[in-house]
$ cat final.txt   # compact mmCIF, N, CA and C atoms
# COMPACT_ATOMS: atom_id res chain seq x y z
N MET A 1 -65.66 160.42 -60.49
CA MET A 1 -64.49 161.09 -59.95
C MET A 1 -63.41 160.11 -59.52
N ASP A 2 -63.60 158.83 -59.74
CA ASP A 2 -62.61 157.83 -59.35
C ASP A 2 -61.39 157.84 -60.26
N ASN A 3 -61.49 158.44 -61.43
CA ASN A 3 -60.38 158.41 -62.37
C ASN A 3 -59.42 159.60 -62.21
N ILE A 4 -59.58 160.40 -61.17
CA ILE A 4 -58.68 161.53 -60.94
C ILE A 4 -57.41 161.03 -60.27
N ILE A 5 -56.28 161.38 -60.85
CA ILE A 5 -54.98 160.99 -60.31
C ILE A 5 -54.33 162.23 -59.73
N GLU A 6 -54.02 162.19 -58.45
CA GLU A 6 -53.36 163.33 -57.82
C GLU A 6 -51.89 163.34 -58.22
N MET A 7 -51.43 164.51 -58.63
CA MET A 7 -50.04 164.66 -59.02
C MET A 7 -49.32 165.38 -57.88
N PRO A 8 -48.26 164.81 -57.38
CA PRO A 8 -47.53 165.51 -56.32
C PRO A 8 -46.93 166.80 -56.87
N ILE A 9 -47.02 167.85 -56.10
CA ILE A 9 -46.48 169.14 -56.52
C ILE A 9 -45.59 169.66 -55.40
N THR A 10 -44.44 170.18 -55.77
CA THR A 10 -43.51 170.70 -54.77
C THR A 10 -43.98 172.07 -54.29
N SER A 11 -43.51 172.49 -53.14
CA SER A 11 -43.86 173.82 -52.64
C SER A 11 -43.32 174.89 -53.58
N ARG A 12 -42.16 174.63 -54.17
CA ARG A 12 -41.58 175.58 -55.14
C ARG A 12 -42.51 175.75 -56.35
N GLN A 13 -43.05 174.66 -56.87
CA GLN A 13 -43.97 174.73 -58.01
C GLN A 13 -45.27 175.41 -57.61
N ARG A 14 -45.73 175.16 -56.40
CA ARG A 14 -46.95 175.80 -55.91
C ARG A 14 -46.78 177.33 -55.87
N ILE A 15 -45.62 177.77 -55.38
CA ILE A 15 -45.33 179.21 -55.33
C ILE A 15 -45.25 179.78 -56.74
N LYS A 16 -44.56 179.07 -57.63
CA LYS A 16 -44.45 179.51 -59.03
C LYS A 16 -45.83 179.66 -59.65
N ASN A 17 -46.70 178.67 -59.43
CA ASN A 17 -48.05 178.72 -59.98
C ASN A 17 -48.82 179.92 -59.43
N SER A 18 -48.66 180.22 -58.16
CA SER A 18 -49.41 181.33 -57.56
C SER A 18 -48.92 182.68 -58.05
N ARG A 19 -47.64 182.78 -58.40
CA ARG A 19 -47.08 184.06 -58.86
C ARG A 19 -47.32 184.29 -60.34
N GLY A 20 -47.62 183.27 -61.08
CA GLY A 20 -47.98 183.45 -62.48
C GLY A 20 -46.88 183.11 -63.46
N LYS A 21 -47.28 183.06 -64.73
CA LYS A 21 -46.38 182.63 -65.81
C LYS A 21 -45.31 183.65 -66.13
N THR A 22 -45.46 184.89 -65.68
CA THR A 22 -44.47 185.92 -65.98
C THR A 22 -43.55 186.19 -64.80
N SER A 23 -43.41 185.22 -63.90
CA SER A 23 -42.51 185.38 -62.77
C SER A 23 -41.34 184.42 -62.87
N VAL A 24 -40.20 184.84 -62.31
CA VAL A 24 -39.01 184.01 -62.24
C VAL A 24 -38.54 184.04 -60.79
N ASN A 25 -38.56 182.89 -60.13
CA ASN A 25 -38.23 182.81 -58.70
C ASN A 25 -36.75 182.65 -58.45
N CYS A 26 -36.29 183.24 -57.36
CA CYS A 26 -34.92 183.03 -56.88
C CYS A 26 -34.84 181.64 -56.24
N LEU A 27 -33.73 180.96 -56.43
CA LEU A 27 -33.56 179.62 -55.87
C LEU A 27 -33.21 179.63 -54.39
N ILE A 28 -32.68 180.75 -53.87
CA ILE A 28 -32.18 180.75 -52.49
C ILE A 28 -32.83 181.78 -51.58
N SER A 29 -33.74 182.58 -52.09
CA SER A 29 -34.41 183.56 -51.23
C SER A 29 -35.87 183.70 -51.65
N ASP A 30 -36.62 184.45 -50.89
CA ASP A 30 -38.02 184.67 -51.22
C ASP A 30 -38.17 185.93 -52.07
N ARG A 31 -37.37 186.01 -53.11
CA ARG A 31 -37.45 187.11 -54.07
C ARG A 31 -37.73 186.55 -55.44
N TRP A 32 -38.29 187.40 -56.30
CA TRP A 32 -38.59 186.96 -57.66
C TRP A 32 -38.69 188.16 -58.58
N LEU A 33 -38.58 187.88 -59.88
CA LEU A 33 -38.79 188.88 -60.92
C LEU A 33 -40.21 188.74 -61.41
N LYS A 34 -40.91 189.85 -61.48
CA LYS A 34 -42.28 189.85 -62.00
C LYS A 34 -42.30 190.70 -63.27
N PHE A 35 -42.42 190.03 -64.42
CA PHE A 35 -42.46 190.72 -65.69
C PHE A 35 -43.89 191.18 -65.97
N TYR A 36 -44.03 192.32 -66.61
CA TYR A 36 -45.35 192.80 -67.01
C TYR A 36 -45.79 192.09 -68.28
N ASN A 37 -47.08 192.03 -68.53
CA ASN A 37 -47.63 191.26 -69.66
C ASN A 37 -47.42 191.92 -71.01
N GLN A 38 -47.03 193.18 -71.04
CA GLN A 38 -46.87 193.88 -72.31
C GLN A 38 -45.50 194.52 -72.40
N SER A 39 -45.04 194.70 -73.61
CA SER A 39 -43.77 195.37 -73.86
C SER A 39 -44.00 196.51 -74.85
N SER A 40 -42.97 197.31 -75.07
CA SER A 40 -43.05 198.44 -76.01
C SER A 40 -41.82 198.42 -76.90
N MET A 41 -42.02 198.75 -78.17
CA MET A 41 -40.87 198.86 -79.08
C MET A 41 -40.30 200.27 -79.00
N LEU A 42 -39.02 200.35 -78.75
CA LEU A 42 -38.29 201.61 -78.73
C LEU A 42 -37.18 201.54 -79.76
N HIS A 43 -36.52 202.65 -80.01
CA HIS A 43 -35.42 202.64 -80.98
C HIS A 43 -34.29 201.72 -80.52
N SER A 44 -34.17 201.51 -79.20
CA SER A 44 -33.09 200.66 -78.67
C SER A 44 -33.48 199.19 -78.56
N GLY A 45 -34.74 198.86 -78.84
CA GLY A 45 -35.19 197.47 -78.77
C GLY A 45 -36.54 197.33 -78.09
N GLU A 46 -36.93 196.10 -77.81
CA GLU A 46 -38.20 195.83 -77.16
C GLU A 46 -38.05 196.03 -75.64
N ALA A 47 -38.70 197.03 -75.11
CA ALA A 47 -38.57 197.39 -73.71
C ALA A 47 -39.47 196.52 -72.85
N LEU A 48 -38.86 195.89 -71.84
CA LEU A 48 -39.59 195.08 -70.88
C LEU A 48 -39.56 195.76 -69.52
N LYS A 49 -40.70 195.80 -68.87
CA LYS A 49 -40.77 196.34 -67.52
C LYS A 49 -40.90 195.18 -66.56
N LEU A 50 -40.08 195.20 -65.50
CA LEU A 50 -40.16 194.14 -64.51
C LEU A 50 -39.93 194.70 -63.12
N ASP A 51 -40.50 194.03 -62.15
CA ASP A 51 -40.33 194.40 -60.75
C ASP A 51 -39.50 193.34 -60.06
N VAL A 52 -38.60 193.77 -59.19
CA VAL A 52 -37.90 192.86 -58.29
C VAL A 52 -38.76 192.82 -57.03
N MET A 53 -39.25 191.62 -56.70
CA MET A 53 -40.26 191.47 -55.65
C MET A 53 -39.73 190.69 -54.45
N THR A 54 -40.38 190.89 -53.32
CA THR A 54 -40.16 190.11 -52.11
C THR A 54 -41.48 190.09 -51.35
N THR A 55 -41.47 189.50 -50.18
CA THR A 55 -42.65 189.57 -49.33
C THR A 55 -42.29 190.34 -48.07
N ASN A 56 -43.27 191.08 -47.53
CA ASN A 56 -43.02 191.81 -46.30
C ASN A 56 -43.26 190.90 -45.10
N GLN A 57 -43.20 191.46 -43.90
CA GLN A 57 -43.35 190.66 -42.68
C GLN A 57 -44.72 190.02 -42.57
N ASN A 58 -45.71 190.59 -43.26
CA ASN A 58 -47.07 190.04 -43.22
C ASN A 58 -47.32 189.03 -44.34
N GLY A 59 -46.29 188.74 -45.14
CA GLY A 59 -46.43 187.79 -46.23
C GLY A 59 -47.03 188.39 -47.48
N GLU A 60 -47.15 189.71 -47.53
CA GLU A 60 -47.72 190.39 -48.69
C GLU A 60 -46.61 190.73 -49.69
N ASP A 61 -46.95 190.70 -50.99
CA ASP A 61 -45.98 191.05 -52.02
C ASP A 61 -45.51 192.49 -51.87
N LYS A 62 -44.21 192.71 -52.04
CA LYS A 62 -43.63 194.05 -51.94
C LYS A 62 -42.64 194.24 -53.09
N THR A 63 -42.76 195.37 -53.79
CA THR A 63 -41.84 195.71 -54.87
C THR A 63 -40.58 196.36 -54.29
N LEU A 64 -39.42 195.78 -54.57
CA LEU A 64 -38.16 196.37 -54.14
C LEU A 64 -37.70 197.46 -55.10
N CYS A 65 -37.82 197.18 -56.40
CA CYS A 65 -37.50 198.18 -57.41
C CYS A 65 -38.10 197.75 -58.74
N THR A 66 -38.18 198.68 -59.67
CA THR A 66 -38.70 198.42 -61.01
C THR A 66 -37.57 198.67 -62.00
N LEU A 67 -37.42 197.75 -62.95
CA LEU A 67 -36.40 197.88 -64.00
C LEU A 67 -37.09 197.93 -65.35
N ILE A 68 -36.51 198.69 -66.27
CA ILE A 68 -36.94 198.67 -67.67
C ILE A 68 -35.69 198.33 -68.47
N ILE A 69 -35.73 197.16 -69.11
CA ILE A 69 -34.59 196.64 -69.86
C ILE A 69 -35.06 196.26 -71.26
N THR A 70 -34.10 196.04 -72.16
CA THR A 70 -34.51 195.55 -73.48
C THR A 70 -34.42 194.03 -73.51
N LYS A 71 -35.37 193.45 -74.21
CA LYS A 71 -35.40 191.99 -74.37
C LYS A 71 -34.13 191.51 -75.05
N GLU A 72 -33.67 192.27 -76.02
CA GLU A 72 -32.47 191.89 -76.77
C GLU A 72 -31.24 191.85 -75.86
N GLU A 73 -31.11 192.83 -74.98
CA GLU A 73 -29.96 192.86 -74.07
C GLU A 73 -30.03 191.72 -73.06
N LEU A 74 -31.22 191.41 -72.58
CA LEU A 74 -31.40 190.29 -71.65
C LEU A 74 -31.03 188.97 -72.32
N LEU A 75 -31.56 188.74 -73.52
CA LEU A 75 -31.25 187.49 -74.23
C LEU A 75 -29.77 187.39 -74.57
N SER A 76 -29.15 188.50 -74.91
CA SER A 76 -27.72 188.51 -75.21
C SER A 76 -26.91 188.14 -73.97
N ALA A 77 -27.29 188.68 -72.82
CA ALA A 77 -26.58 188.36 -71.57
C ALA A 77 -26.75 186.89 -71.23
N LEU A 78 -27.96 186.35 -71.40
CA LEU A 78 -28.21 184.94 -71.09
C LEU A 78 -27.42 183.99 -71.99
N LYS A 79 -27.20 184.40 -73.24
CA LYS A 79 -26.41 183.58 -74.16
C LYS A 79 -24.96 183.43 -73.71
N ASN A 80 -24.47 184.39 -72.93
CA ASN A 80 -23.08 184.39 -72.51
C ASN A 80 -22.84 183.67 -71.19
N ILE A 81 -23.88 183.10 -70.62
CA ILE A 81 -23.73 182.37 -69.36
C ILE A 81 -23.40 180.93 -69.66
N LYS A 82 -22.29 180.47 -69.11
CA LYS A 82 -21.84 179.10 -69.34
C LYS A 82 -22.28 178.22 -68.16
N CYS A 83 -22.82 177.06 -68.46
CA CYS A 83 -23.23 176.10 -67.44
C CYS A 83 -22.01 175.28 -67.02
N VAL A 84 -21.74 175.28 -65.74
CA VAL A 84 -20.62 174.52 -65.20
C VAL A 84 -21.19 173.54 -64.18
N ASN A 85 -21.07 172.27 -64.47
CA ASN A 85 -21.53 171.24 -63.53
C ASN A 85 -20.46 171.02 -62.48
N THR A 86 -20.85 171.15 -61.22
CA THR A 86 -19.87 170.96 -60.14
C THR A 86 -20.20 169.74 -59.32
$ encode --input "final.txt" --output "structure tokens"
Amino acid sequence: MDNIIEMPITSRQRIKNSRGKTSVNCLISDRWLKFYNQSSMLHSGEALKLDVMTTNQNGEDKTLCTLIITKEELLSALKNIKCVNT
């Protein structure tokens, strides 16, 4: 066991790891998007279900609302975001 190298991990990465690979964390609050593991094909596109999450006063996960969006519309919106270095 002498060859184990400890890798420093940030608290942000620790939280990301605990929430899973289908979560997207907010940078400034304790909220996150939790995507479901499966999608469905509809006539309007690939439907994704996601929850907007937070934690309650006891530190337990709480769903604020559930959204059903298309993957195509999400990707299209992301393509239109311009990165501005300030």
$ residues_around --input "final.txt" --residues "region 68-76 of chain A" --least-positions-apart "4" --cutoff "6 Å" --atoms "only C-alpha atoms" --output "number ranges by chain"
A: 45-49
$ residues_around --input "final.txt" --residues "region 12-15 of chain A" --least-positions-apart "4" --cutoff "12 Å" --atoms "only C-alpha atoms" --output "list in words"
Met7, Pro8, Arg19, Gly20, Lys21, Ser23, Val24, Asn25, Cys26, Leu27, Ile28, Ser29, Asp30, Arg31 and Trp32 of chain A
$ select_by_dssp --input "final.txt" --residues "region 2-82 of chain A" --states "strand (DSSP E)" --output "ChimeraX atom specification"
/A:23-25,32-42,45-55,61-70
$ select_by_dssp --input "final.txt" --residues "chain A" --states "alpha helix (DSSP H)" --output "ChimeraX atom specification"
/A:11-19,71-79
$ write_last_selection --input "final.txt" --atoms "N, CA and C atoms" --output "PDB file, in the frame of the given file"
ATOM      1  N   SER A  11     -43.510 172.490 -53.140  1.00  0.00           N
ATOM      2  CA  SER A  11     -43.860 173.820 -52.640  1.00  0.00           C
ATOM      3  C   SER A  11     -43.320 174.890 -53.580  1.00  0.00           C
ATOM      4  N   ARG A  12     -42.160 174.630 -54.170  1.00  0.00           N
ATOM      5  CA  ARG A  12     -41.580 175.580 -55.140  1.00  0.00           C
ATOM      6  C   ARG A  12     -42.510 175.750 -56.350  1.00  0.00           C
ATOM      7  N   GLN A  13     -43.050 174.660 -56.870  1.00  0.00           N
ATOM      8  CA  GLN A  13     -43.970 174.730 -58.010  1.00  0.00           C
ATOM      9  C   GLN A  13     -45.270 175.410 -57.610  1.00  0.00           C
ATOM     10  N   ARG A  14     -45.730 175.160 -56.400  1.00  0.00           N
ATOM     11  CA  ARG A  14     -46.950 175.800 -55.910  1.00  0.00           C
ATOM     12  C   ARG A  14     -46.780 177.330 -55.870  1.00  0.00           C
ATOM     13  N   ILE A  15     -45.620 177.770 -55.380  1.00  0.00           N
ATOM     14  CA  ILE A  15     -45.330 179.210 -55.330  1.00  0.00           C
ATOM     15  C   ILE A  15     -45.250 179.780 -56.740  1.00  0.00           C
ATOM     16  N   LYS A  16     -44.560 179.070 -57.630  1.00  0.00           N
ATOM     17  CA  LYS A  16     -44.450 179.510 -59.030  1.00  0.00           C
ATOM     18  C   LYS A  16     -45.830 179.660 -59.650  1.00  0.00           C
ATOM     19  N   ASN A  17     -46.700 178.670 -59.430  1.00  0.00           N
ATOM     20  CA  ASN A  17     -48.050 178.720 -59.980  1.00  0.00           C
ATOM     21  C   ASN A  17     -48.820 179.920 -59.430  1.00  0.00           C
ATOM     22  N   SER A  18     -48.660 180.220 -58.160  1.00  0.00           N
ATOM     23  CA  SER A  18     -49.410 181.330 -57.560  1.00  0.00           C
ATOM     24  C   SER A  18     -48.920 182.680 -58.050  1.00  0.00           C
ATOM     25  N   ARG A  19     -47.640 182.780 -58.400  1.00  0.00           N
ATOM     26  CA  ARG A  19     -47.080 184.060 -58.860  1.00  0.00           C
ATOM     27  C   ARG A  19     -47.320 184.290 -60.340  1.00  0.00           C
ATOM     28  N   LYS A  71     -35.370 193.450 -74.210  1.00  0.00           N
ATOM     29  CA  LYS A  71     -35.400 191.990 -74.370  1.00  0.00           C
ATOM     30  C   LYS A  71     -34.130 191.510 -75.050  1.00  0.00           C
ATOM     31  N   GLU A  72     -33.670 192.270 -76.020  1.00  0.00           N
ATOM     32  CA  GLU A  72     -32.470 191.890 -76.770  1.00  0.00           C
ATOM     33  C   GLU A  72     -31.240 191.850 -75.860  1.00  0.00           C
ATOM     34  N   GLU A  73     -31.110 192.830 -74.980  1.00  0.00           N
ATOM     35  CA  GLU A  73     -29.960 192.860 -74.070  1.00  0.00           C
ATOM     36  C   GLU A  73     -30.030 191.720 -73.060  1.00  0.00           C
ATOM     37  N   LEU A  74     -31.220 191.410 -72.580  1.00  0.00           N
ATOM     38  CA  LEU A  74     -31.400 190.290 -71.650  1.00  0.00           C
ATOM     39  C   LEU A  74     -31.030 188.970 -72.320  1.00  0.00           C
ATOM     40  N   LEU A  75     -31.560 188.740 -73.520  1.00  0.00           N
ATOM     41  CA  LEU A  75     -31.250 187.490 -74.230  1.00  0.00           C
ATOM     42  C   LEU A  75     -29.770 187.390 -74.570  1.00  0.00           C
ATOM     43  N   SER A  76     -29.150 188.500 -74.910  1.00  0.00           N
ATOM     44  CA  SER A  76     -27.720 188.510 -75.210  1.00  0.00           C
ATOM     45  C   SER A  76     -26.910 188.140 -73.970  1.00  0.00           C
ATOM     46  N   ALA A  77     -27.290 188.680 -72.820  1.00  0.00           N
ATOM     47  CA  ALA A  77     -26.580 188.360 -71.570  1.00  0.00           C
ATOM     48  C   ALA A  77     -26.750 186.890 -71.230  1.00  0.00           C
ATOM     49  N   LEU A  78     -27.960 186.350 -71.400  1.00  0.00           N
ATOM     50  CA  LEU A  78     -28.210 184.940 -71.090  1.00  0.00           C
ATOM     51  C   LEU A  78     -27.420 183.990 -71.990  1.00  0.00           C
ATOM     52  N   LYS A  79     -27.200 184.400 -73.240  1.00  0.00           N
ATOM     53  CA  LYS A  79     -26.410 183.580 -74.160  1.00  0.00           C
ATOM     54  C   LYS A  79     -24.960 183.430 -73.710  1.00  0.00           C
TER      55      LYS A  79
END
$ atom_distance --input "final.txt" --atom1 "CA of Thr55 (chain A)" --atom2 "atom C of Lys34 (chain A)"
14.0 Å
$ atom_distance --input "final.txt" --atom1 "CA of Met53 (chain A)" --atom2 "CA of Tyr36 (chain A)"
12.5 Å
$ atom_distance --input "final.txt" --atom1 "CA of Glu60 (chain A)" --atom2 "CA of Gln38 (chain A)"
23.9 Å
$ axis_aligned_box --input "final.txt" --around "region 61-73 of chain A" --padding-each-side "6 Å" --output "lines of an AutoDock Vina configuration file"
center_x = -38.5
center_y = 194.7
center_z = -63.9
size_x = 29.0
size_y = 20.0
size_z = 37.8
